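These notes concern the structure reproduced below.
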Amino acid sequence: MTNIEGAGVRRSLVALSGVLALGLAGCSDGRSAPVSEGDVAGLPISHFESGLKPAAPEPDLDVTNVSSDEADRVAVATIADVEDYWSDALPGNFDVKFEPVKSLLSYDSDGENQENGCGDTKGNANAFYCNVDDSVAWDRGVLLPTMMDQFGPLSVVTVLAHEFGHAVQYRLGDKAGISRNTPTIVKEQQADCFTGAYYRWVAEGKSKYFAVSTSDGLNSALSSLFLVRDSAGTSATDRSAHGTGFDRTYAFQIGFEQGPTECAAMTLDSIQPRLTERPFDSGDRDGDIEVDQEAIGLLKDSLDQAFAGAKVQAPEIVDDGASCPNGSATPPATYCTSDNTVRIDLTALAELGQPVDQEGEFTGSSSGGHGDFAAFSEVASRYAMGIQKGVGASLDNANAGLRTACLVGAWAAVAAQEGQQMRLSAGDLDEAISDLLRPDSLVAADVDGKPAASGFNRVEAMRTGYLQGSGPCSTQYG
């Protein structure tokens, strides 16, 4: 976040008390029913080990330079699986006959050089679709093992399903609006969306090769997609832009919830209003400020202004180690219902708020934190508990955490406006997503610190608040 010295803080339009009073009585945003923490986009929340099925068949695919490595085993099964999916989805949704890609290549970027239509593979730790020769290639030596070490085998599935999504774009052509002039960000959003549509099919139990739970399984898929996000400060108009983690997970979720036809309908005009990828503001070079007493004071002012419309007593923020004598402590921030205070452990928050080490994240050797906005979001979530208590909302039921994440998103949208004393910076929303996907995140947790079971739902709730305001926070998560 950035601290704009001397700037006036604009009063927000968030009027939570009226919204909550109406929202708790019913749903008004076009959904057939409020979201339940017991489901993920209509599928039950499931808990089991995700990955390659023990009895999965041996794929009958011709792969150049393939090895017996575990990474290749998962990669080849992924290609066979996505081909199974698209062999039905292309004719069923687009009346287009499915054609497999013409060639597949496995290589070791640190090993002997290989070639395909897009050139040499030496030193190219990547996975990619090459339209020159209609091929899919992947680095089994560095990229896939690194991702598997970080997020398990589903990271390989996610990356290669995305690359196959580009092959699908070229098969659809005009039906996906793809031409030489299509901006990269549109192609990438479509491919992420196609990946989500494929994952829905797997989560529904239709895959011969993979099983994916809607809890940890989807969390792994989202985390691995998040891992390969663009660096903070990248412009969406950059020729190589793939999207922020916020943008990429959103596209995945659209595909998972709405299917491949919605993905193919994405255009620059349709996605531009929701894209969050942008350069840093002038004078804001890295997007992080120190998480200290001064920053907490600015945060309190920002929250007070954003939630003023609730017309309830705002909680005070006290640095006392996040204890709560008469309630559950949820460090590094706790909401105490007995005295309407948010109690924090500033030292722990400062550690959480250290700048992100994105390169270290990828290799599993990160020495950084989750960024300042991750720390501020944790505090904001406990503050939002106080506002909810003031208007009579429940704090400890299954949906309380999701409602809280939604309200944090609504506050973030206010903080993104120009003229804010504490203003959202490029990369801040990704810091929030990073925190949301942690198993002990408070941003989507109830008053006792129990997080919503599904990372998919946590991310969706915060994004809903950010893009739609506070209204849906109660109507969808009442």
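Identifiers in the structure tokens: chain A, B, ... in order shown; residue index from 1 per chain; ligand index from 1 in order shown.
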Taking only C-alpha atoms into account, produce a table as a Markdown table in which each residue of region 365-463 of chain A with an atom at most 10 Å from an atom of region 253-262 of chain A appears once, together with its shortest atom pair and the distance in Å to one decimal, ordered by chain and rising number.
```
| residue | atom | partner | partner_atom | distance |
| --- | --- | --- | --- | --- |
| A:Phe456 | CA | A:Gln253 | CA | 7.8 |
| A:Asn457 | CA | A:Gln253 | CA | 9.7 |
| A:Val459 | CA | A:Gln253 | CA | 9.4 |
| A:Glu460 | CA | A:Gln253 | CA | 7.9 |
```
If you run DSSP over the backbone, which residues in region 135-293 of chain A end up strand (DSSP E or B)? Put them as number ranges by chain.
A: 135-139, 210-211
Expected file: the selected residues, C-alpha atoms, as a compact mmCIF listing (two decimals), in the first residue's frame:
```
# COMPACT_ATOMS: atom_id res chain seq x y z
CA SER A 135 2.79 -28.66 -30.28
CA VAL A 136 2.87 -28.67 -26.48
CA ALA A 137 6.23 -28.84 -24.70
CA TRP A 138 7.28 -28.88 -21.06
CA ASP A 139 10.43 -28.79 -18.97
CA PHE A 210 -7.13 -37.60 -11.84
CA ALA A 211 -9.14 -37.00 -8.68
```
To one decimal place in Å, what is the distance between CA of Ser67 (chain A) and CA of Gly141 (chain A)?
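If I compute the distance from CA of Ser67 (chain A) to CA of Gly141 (chain A), I get 10.2 Å.
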Applying 8 Å and only C-alpha atoms, which residues near Tyr383 (chain A) remain after dropping the ones on its own chain fewer than 4 positions away? List them as JSON, numbers by chain.
{"A": [303, 314, 315, 335, 342, 379, 387]}
Quick one: residues within 10 Å of region 179-194 of chain A, only C-alpha atoms counted, chain neighbours fewer than 6 positions away excluded, as a PDB file with N, CA and C atoms, in the first residue's frame?
```pdb
ATOM      1  N   TRP A  86     -11.649 -32.225 -23.939  1.00  0.00           N
ATOM      2  CA  TRP A  86     -11.960 -31.386 -25.100  1.00  0.00           C
ATOM      3  C   TRP A  86     -12.548 -32.185 -26.259  1.00  0.00           C
ATOM      4  N   THR A 158      -2.365 -28.157 -13.740  1.00  0.00           N
ATOM      5  CA  THR A 158      -2.834 -26.792 -13.968  1.00  0.00           C
ATOM      6  C   THR A 158      -2.067 -26.112 -15.093  1.00  0.00           C
ATOM      7  N   VAL A 159      -0.749 -26.221 -15.052  1.00  0.00           N
ATOM      8  CA  VAL A 159       0.084 -25.556 -16.055  1.00  0.00           C
ATOM      9  C   VAL A 159      -0.170 -26.128 -17.450  1.00  0.00           C
ATOM     10  N   ALA A 161      -2.796 -27.931 -18.518  1.00  0.00           N
ATOM     11  CA  ALA A 161      -4.171 -27.681 -18.962  1.00  0.00           C
ATOM     12  C   ALA A 161      -4.290 -26.266 -19.517  1.00  0.00           C
ATOM     13  N   HIS A 162      -3.563 -25.321 -18.896  1.00  0.00           N
ATOM     14  CA  HIS A 162      -3.542 -23.951 -19.399  1.00  0.00           C
ATOM     15  C   HIS A 162      -2.912 -23.898 -20.794  1.00  0.00           C
ATOM     16  N   GLU A 163      -1.766 -24.548 -20.972  1.00  0.00           N
ATOM     17  CA  GLU A 163      -1.111 -24.521 -22.279  1.00  0.00           C
ATOM     18  C   GLU A 163      -1.963 -25.190 -23.349  1.00  0.00           C
ATOM     19  N   PHE A 164      -2.643 -26.269 -22.981  1.00  0.00           N
ATOM     20  CA  PHE A 164      -3.536 -26.908 -23.946  1.00  0.00           C
ATOM     21  C   PHE A 164      -4.713 -25.984 -24.276  1.00  0.00           C
ATOM     22  N   GLY A 165      -5.063 -25.113 -23.332  1.00  0.00           N
ATOM     23  CA  GLY A 165      -6.110 -24.135 -23.600  1.00  0.00           C
ATOM     24  C   GLY A 165      -5.755 -23.239 -24.773  1.00  0.00           C
ATOM     25  N   HIS A 166      -4.452 -22.945 -24.944  1.00  0.00           N
ATOM     26  CA  HIS A 166      -4.029 -22.150 -26.103  1.00  0.00           C
ATOM     27  C   HIS A 166      -4.224 -22.937 -27.396  1.00  0.00           C
ATOM     28  N   ALA A 167      -3.984 -24.244 -27.338  1.00  0.00           N
ATOM     29  CA  ALA A 167      -4.245 -25.074 -28.519  1.00  0.00           C
ATOM     30  C   ALA A 167      -5.732 -25.046 -28.866  1.00  0.00           C
ATOM     31  N   VAL A 168      -6.565 -25.040 -27.855  1.00  0.00           N
ATOM     32  CA  VAL A 168      -8.017 -24.969 -28.070  1.00  0.00           C
ATOM     33  C   VAL A 168      -8.394 -23.644 -28.726  1.00  0.00           C
ATOM     34  N   GLN A 169      -7.766 -22.553 -28.288  1.00  0.00           N
ATOM     35  CA  GLN A 169      -8.046 -21.250 -28.901  1.00  0.00           C
ATOM     36  C   GLN A 169      -7.819 -21.282 -30.410  1.00  0.00           C
ATOM     37  N   TYR A 170      -6.727 -21.892 -30.829  1.00  0.00           N
ATOM     38  CA  TYR A 170      -6.431 -21.935 -32.260  1.00  0.00           C
ATOM     39  C   TYR A 170      -7.395 -22.856 -33.006  1.00  0.00           C
ATOM     40  N   GLY A 173     -10.567 -20.494 -33.180  1.00  0.00           N
ATOM     41  CA  GLY A 173     -10.399 -19.352 -34.076  1.00  0.00           C
ATOM     42  C   GLY A 173     -11.410 -18.258 -33.814  1.00  0.00           C
ATOM     43  N   ARG A 200     -13.482 -28.407 -13.477  1.00  0.00           N
ATOM     44  CA  ARG A 200     -14.858 -28.721 -13.059  1.00  0.00           C
ATOM     45  C   ARG A 200     -15.201 -30.147 -13.461  1.00  0.00           C
ATOM     46  N   LEU A 225      -1.505 -21.714  -9.948  1.00  0.00           N
ATOM     47  CA  LEU A 225      -1.803 -20.677 -10.935  1.00  0.00           C
ATOM     48  C   LEU A 225      -1.320 -19.326 -10.425  1.00  0.00           C
ATOM     49  N   SER A 235       2.004  -3.922 -16.597  1.00  0.00           N
ATOM     50  CA  SER A 235       0.797  -3.353 -17.198  1.00  0.00           C
ATOM     51  C   SER A 235       0.040  -4.432 -17.958  1.00  0.00           C
ATOM     52  N   ALA A 236      -1.285  -4.375 -17.901  1.00  0.00           N
ATOM     53  CA  ALA A 236      -2.107  -5.341 -18.635  1.00  0.00           C
ATOM     54  C   ALA A 236      -1.929  -5.213 -20.140  1.00  0.00           C
ATOM     55  N   THR A 237      -1.397  -4.078 -20.586  1.00  0.00           N
ATOM     56  CA  THR A 237      -1.174  -3.875 -22.014  1.00  0.00           C
ATOM     57  C   THR A 237       0.189  -4.385 -22.470  1.00  0.00           C
ATOM     58  N   ASP A 238       0.999  -4.879 -21.532  1.00  0.00           N
ATOM     59  CA  ASP A 238       2.298  -5.433 -21.889  1.00  0.00           C
ATOM     60  C   ASP A 238       2.109  -6.615 -22.835  1.00  0.00           C
ATOM     61  N   ARG A 239       2.969  -6.737 -23.828  1.00  0.00           N
ATOM     62  CA  ARG A 239       2.816  -7.803 -24.831  1.00  0.00           C
ATOM     63  C   ARG A 239       2.957  -9.194 -24.232  1.00  0.00           C
ATOM     64  N   SER A 240       3.610  -9.292 -23.067  1.00  0.00           N
ATOM     65  CA  SER A 240       3.781 -10.597 -22.433  1.00  0.00           C
ATOM     66  C   SER A 240       2.911 -10.765 -21.186  1.00  0.00           C
ATOM     67  N   ALA A 241       1.975  -9.853 -20.960  1.00  0.00           N
ATOM     68  CA  ALA A 241       1.174  -9.889 -19.732  1.00  0.00           C
ATOM     69  C   ALA A 241       0.321 -11.149 -19.654  1.00  0.00           C
ATOM     70  N   HIS A 242       0.413 -11.845 -18.527  1.00  0.00           N
ATOM     71  CA  HIS A 242      -0.431 -13.015 -18.257  1.00  0.00           C
ATOM     72  C   HIS A 242      -1.493 -12.716 -17.209  1.00  0.00           C
ATOM     73  N   GLY A 243      -1.291 -11.664 -16.428  1.00  0.00           N
ATOM     74  CA  GLY A 243      -2.267 -11.297 -15.415  1.00  0.00           C
ATOM     75  C   GLY A 243      -1.732 -11.398 -14.005  1.00  0.00           C
ATOM     76  N   ASP A 247      -6.321 -11.647 -11.109  1.00  0.00           N
ATOM     77  CA  ASP A 247      -6.953 -11.790 -12.422  1.00  0.00           C
ATOM     78  C   ASP A 247      -6.972 -13.245 -12.879  1.00  0.00           C
ATOM     79  N   ARG A 248      -5.889 -13.954 -12.648  1.00  0.00           N
ATOM     80  CA  ARG A 248      -5.787 -15.331 -13.141  1.00  0.00           C
ATOM     81  C   ARG A 248      -6.720 -16.273 -12.382  1.00  0.00           C
ATOM     82  N   THR A 249      -6.776 -16.125 -11.061  1.00  0.00           N
ATOM     83  CA  THR A 249      -7.687 -16.984 -10.306  1.00  0.00           C
ATOM     84  C   THR A 249      -9.139 -16.669 -10.647  1.00  0.00           C
ATOM     85  N   TYR A 250      -9.442 -15.398 -10.938  1.00  0.00           N
ATOM     86  CA  TYR A 250     -10.797 -15.035 -11.335  1.00  0.00           C
ATOM     87  C   TYR A 250     -11.186 -15.751 -12.620  1.00  0.00           C
ATOM     88  N   ALA A 251     -10.315 -15.721 -13.620  1.00  0.00           N
ATOM     89  CA  ALA A 251     -10.613 -16.382 -14.890  1.00  0.00           C
ATOM     90  C   ALA A 251     -10.820 -17.887 -14.687  1.00  0.00           C
ATOM     91  N   PHE A 252      -9.963 -18.501 -13.876  1.00  0.00           N
ATOM     92  CA  PHE A 252     -10.112 -19.929 -13.564  1.00  0.00           C
ATOM     93  C   PHE A 252     -11.490 -20.200 -12.969  1.00  0.00           C
ATOM     94  N   GLN A 253     -11.902 -19.362 -12.035  1.00  0.00           N
ATOM     95  CA  GLN A 253     -13.170 -19.585 -11.353  1.00  0.00           C
ATOM     96  C   GLN A 253     -14.364 -19.379 -12.285  1.00  0.00           C
ATOM     97  N   ILE A 254     -14.253 -18.454 -13.233  1.00  0.00           N
ATOM     98  CA  ILE A 254     -15.327 -18.293 -14.213  1.00  0.00           C
ATOM     99  C   ILE A 254     -15.496 -19.583 -15.011  1.00  0.00           C
ATOM    100  N   GLY A 255     -14.389 -20.160 -15.452  1.00  0.00           N
ATOM    101  CA  GLY A 255     -14.466 -21.416 -16.192  1.00  0.00           C
ATOM    102  C   GLY A 255     -15.044 -22.535 -15.360  1.00  0.00           C
ATOM    103  N   PHE A 256     -14.619 -22.623 -14.101  1.00  0.00           N
ATOM    104  CA  PHE A 256     -15.109 -23.680 -13.216  1.00  0.00           C
ATOM    105  C   PHE A 256     -16.609 -23.556 -12.999  1.00  0.00           C
ATOM    106  N   GLU A 257     -17.096 -22.334 -12.858  1.00  0.00           N
ATOM    107  CA  GLU A 257     -18.502 -22.115 -12.538  1.00  0.00           C
ATOM    108  C   GLU A 257     -19.406 -22.054 -13.762  1.00  0.00           C
ATOM    109  N   GLN A 258     -18.901 -21.516 -14.879  1.00  0.00           N
ATOM    110  CA  GLN A 258     -19.768 -21.228 -16.008  1.00  0.00           C
ATOM    111  C   GLN A 258     -19.449 -21.995 -17.280  1.00  0.00           C
ATOM    112  N   GLY A 259     -18.301 -22.645 -17.359  1.00  0.00           N
ATOM    113  CA  GLY A 259     -17.995 -23.493 -18.487  1.00  0.00           C
ATOM    114  C   GLY A 259     -17.273 -22.806 -19.629  1.00  0.00           C
ATOM    115  N   PRO A 260     -16.861 -23.588 -20.651  1.00  0.00           N
ATOM    116  CA  PRO A 260     -15.962 -23.091 -21.691  1.00  0.00           C
ATOM    117  C   PRO A 260     -16.576 -22.053 -22.630  1.00  0.00           C
ATOM    118  N   THR A 261     -17.887 -22.040 -22.819  1.00  0.00           N
ATOM    119  CA  THR A 261     -18.467 -21.030 -23.715  1.00  0.00           C
ATOM    120  C   THR A 261     -18.283 -19.627 -23.151  1.00  0.00           C
ATOM    121  N   GLU A 262     -18.337 -19.505 -21.823  1.00  0.00           N
ATOM    122  CA  GLU A 262     -18.100 -18.205 -21.201  1.00  0.00           C
ATOM    123  C   GLU A 262     -16.643 -17.785 -21.385  1.00  0.00           C
ATOM    124  N   CYS A 263     -15.745 -18.761 -21.383  1.00  0.00           N
ATOM    125  CA  CYS A 263     -14.326 -18.461 -21.581  1.00  0.00           C
ATOM    126  C   CYS A 263     -14.086 -17.920 -22.995  1.00  0.00           C
ATOM    127  N   ALA A 264     -14.658 -18.597 -23.976  1.00  0.00           N
ATOM    128  CA  ALA A 264     -14.449 -18.207 -25.367  1.00  0.00           C
ATOM    129  C   ALA A 264     -15.038 -16.842 -25.672  1.00  0.00           C
ATOM    130  N   ALA A 265     -16.008 -16.414 -24.862  1.00  0.00           N
ATOM    131  CA  ALA A 265     -16.661 -15.121 -25.085  1.00  0.00           C
ATOM    132  C   ALA A 265     -15.858 -13.952 -24.523  1.00  0.00           C
ATOM    133  N   MET A 266     -14.751 -14.237 -23.820  1.00  0.00           N
ATOM    134  CA  MET A 266     -13.946 -13.163 -23.242  1.00  0.00           C
ATOM    135  C   MET A 266     -13.291 -12.328 -24.342  1.00  0.00           C
ATOM    136  N   THR A 267     -13.422 -11.034 -24.219  1.00  0.00           N
ATOM    137  CA  THR A 267     -12.773 -10.084 -25.113  1.00  0.00           C
ATOM    138  C   THR A 267     -12.095  -9.023 -24.255  1.00  0.00           C
ATOM    139  N   LEU A 268     -11.301  -8.180 -24.889  1.00  0.00           N
ATOM    140  CA  LEU A 268     -10.659  -7.114 -24.125  1.00  0.00           C
ATOM    141  C   LEU A 268     -11.700  -6.200 -23.503  1.00  0.00           C
ATOM    142  N   ASP A 269     -12.753  -5.902 -24.226  1.00  0.00           N
ATOM    143  CA  ASP A 269     -13.800  -5.025 -23.690  1.00  0.00           C
ATOM    144  C   ASP A 269     -14.495  -5.648 -22.488  1.00  0.00           C
ATOM    145  N   SER A 270     -14.682  -6.974 -22.509  1.00  0.00           N
ATOM    146  CA  SER A 270     -15.411  -7.614 -21.408  1.00  0.00           C
ATOM    147  C   SER A 270     -14.555  -7.794 -20.171  1.00  0.00           C
ATOM    148  N   ILE A 271     -13.244  -7.966 -20.324  1.00  0.00           N
ATOM    149  CA  ILE A 271     -12.396  -8.225 -19.154  1.00  0.00           C
ATOM    150  C   ILE A 271     -11.734  -6.967 -18.617  1.00  0.00           C
ATOM    151  N   GLN A 272     -11.587  -5.951 -19.449  1.00  0.00           N
ATOM    152  CA  GLN A 272     -10.827  -4.767 -19.028  1.00  0.00           C
ATOM    153  C   GLN A 272     -11.362  -4.102 -17.763  1.00  0.00           C
ATOM    154  N   LEU A 275      -9.909  -6.087 -14.751  1.00  0.00           N
ATOM    155  CA  LEU A 275      -8.488  -6.379 -14.623  1.00  0.00           C
ATOM    156  C   LEU A 275      -7.841  -5.479 -13.574  1.00  0.00           C
ATOM    157  N   GLU A 277      -4.349  -5.556 -13.129  1.00  0.00           N
ATOM    158  CA  GLU A 277      -2.935  -5.398 -13.474  1.00  0.00           C
ATOM    159  C   GLU A 277      -2.666  -3.982 -13.961  1.00  0.00           C
TER     160      GLU A 277
END
```
DSSP says helix (DSSP H, G or I) for which residues of region 176-276 of chain A? Put them as a PyMOL selection string?
chain A and resi 176+184-203+216-227+245-258+260-264+268-274
note - CA of Thr64 (chain A) and CA of Met148 (chain A) are separated by 21.7 Å
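Shortest atom-to-atom contact with Ile433 (chain A) among A:Asn113, A:Ser106, A:Asn124, A:Thr244: A:Thr244, counting only C-alpha atoms.
Closest approach to Val291 (chain A) from the set A:Ser220, A:Thr214, A:Thr341, A:Ser377 is made by A:Ser377, with distances taken over only C-alpha atoms.
In this comparison, which uses only C-alpha atoms, the residue of A:Trp201, A:Tyr477, A:Phe226, A:Phe307 approaching Ala398 (chain A) most closely is A:Tyr477.
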Do you know which residues are at most 10 Å from Asp301 (chain A) counting only C-alpha atoms, after dropping those on the same chain fewer than 5 positions away, and could you put them as a PyMOL selection string?
chain A and resi 9+295-296+306+421-422
So what do you get for CA of Lys102 (chain A) versus CA of Asp62 (chain A), distance-wise?
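Separating CA of Lys102 (chain A) from CA of Asp62 (chain A) is a distance of 9.8 Å.
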Skipping near chain neighbours, those fewer than 3 positions away, what residues fall within 10 Å of Asp448 (chain A) using only C-alpha atoms, listed as a ChimeraX atom specification?
/A:327-330,334-336,395-396,401,442,445,451
Shell around Arg403 (chain A) at 12 Å using only C-alpha atoms, local window under 5 positions removed, as a VMD selection string:
chain A and resid 16 20 23 to 24 34 to 37 381 to 382 384 to 385 387 to 388 393 to 398 408 to 410 443 to 447 451 to 452 457 to 465 469 to 478
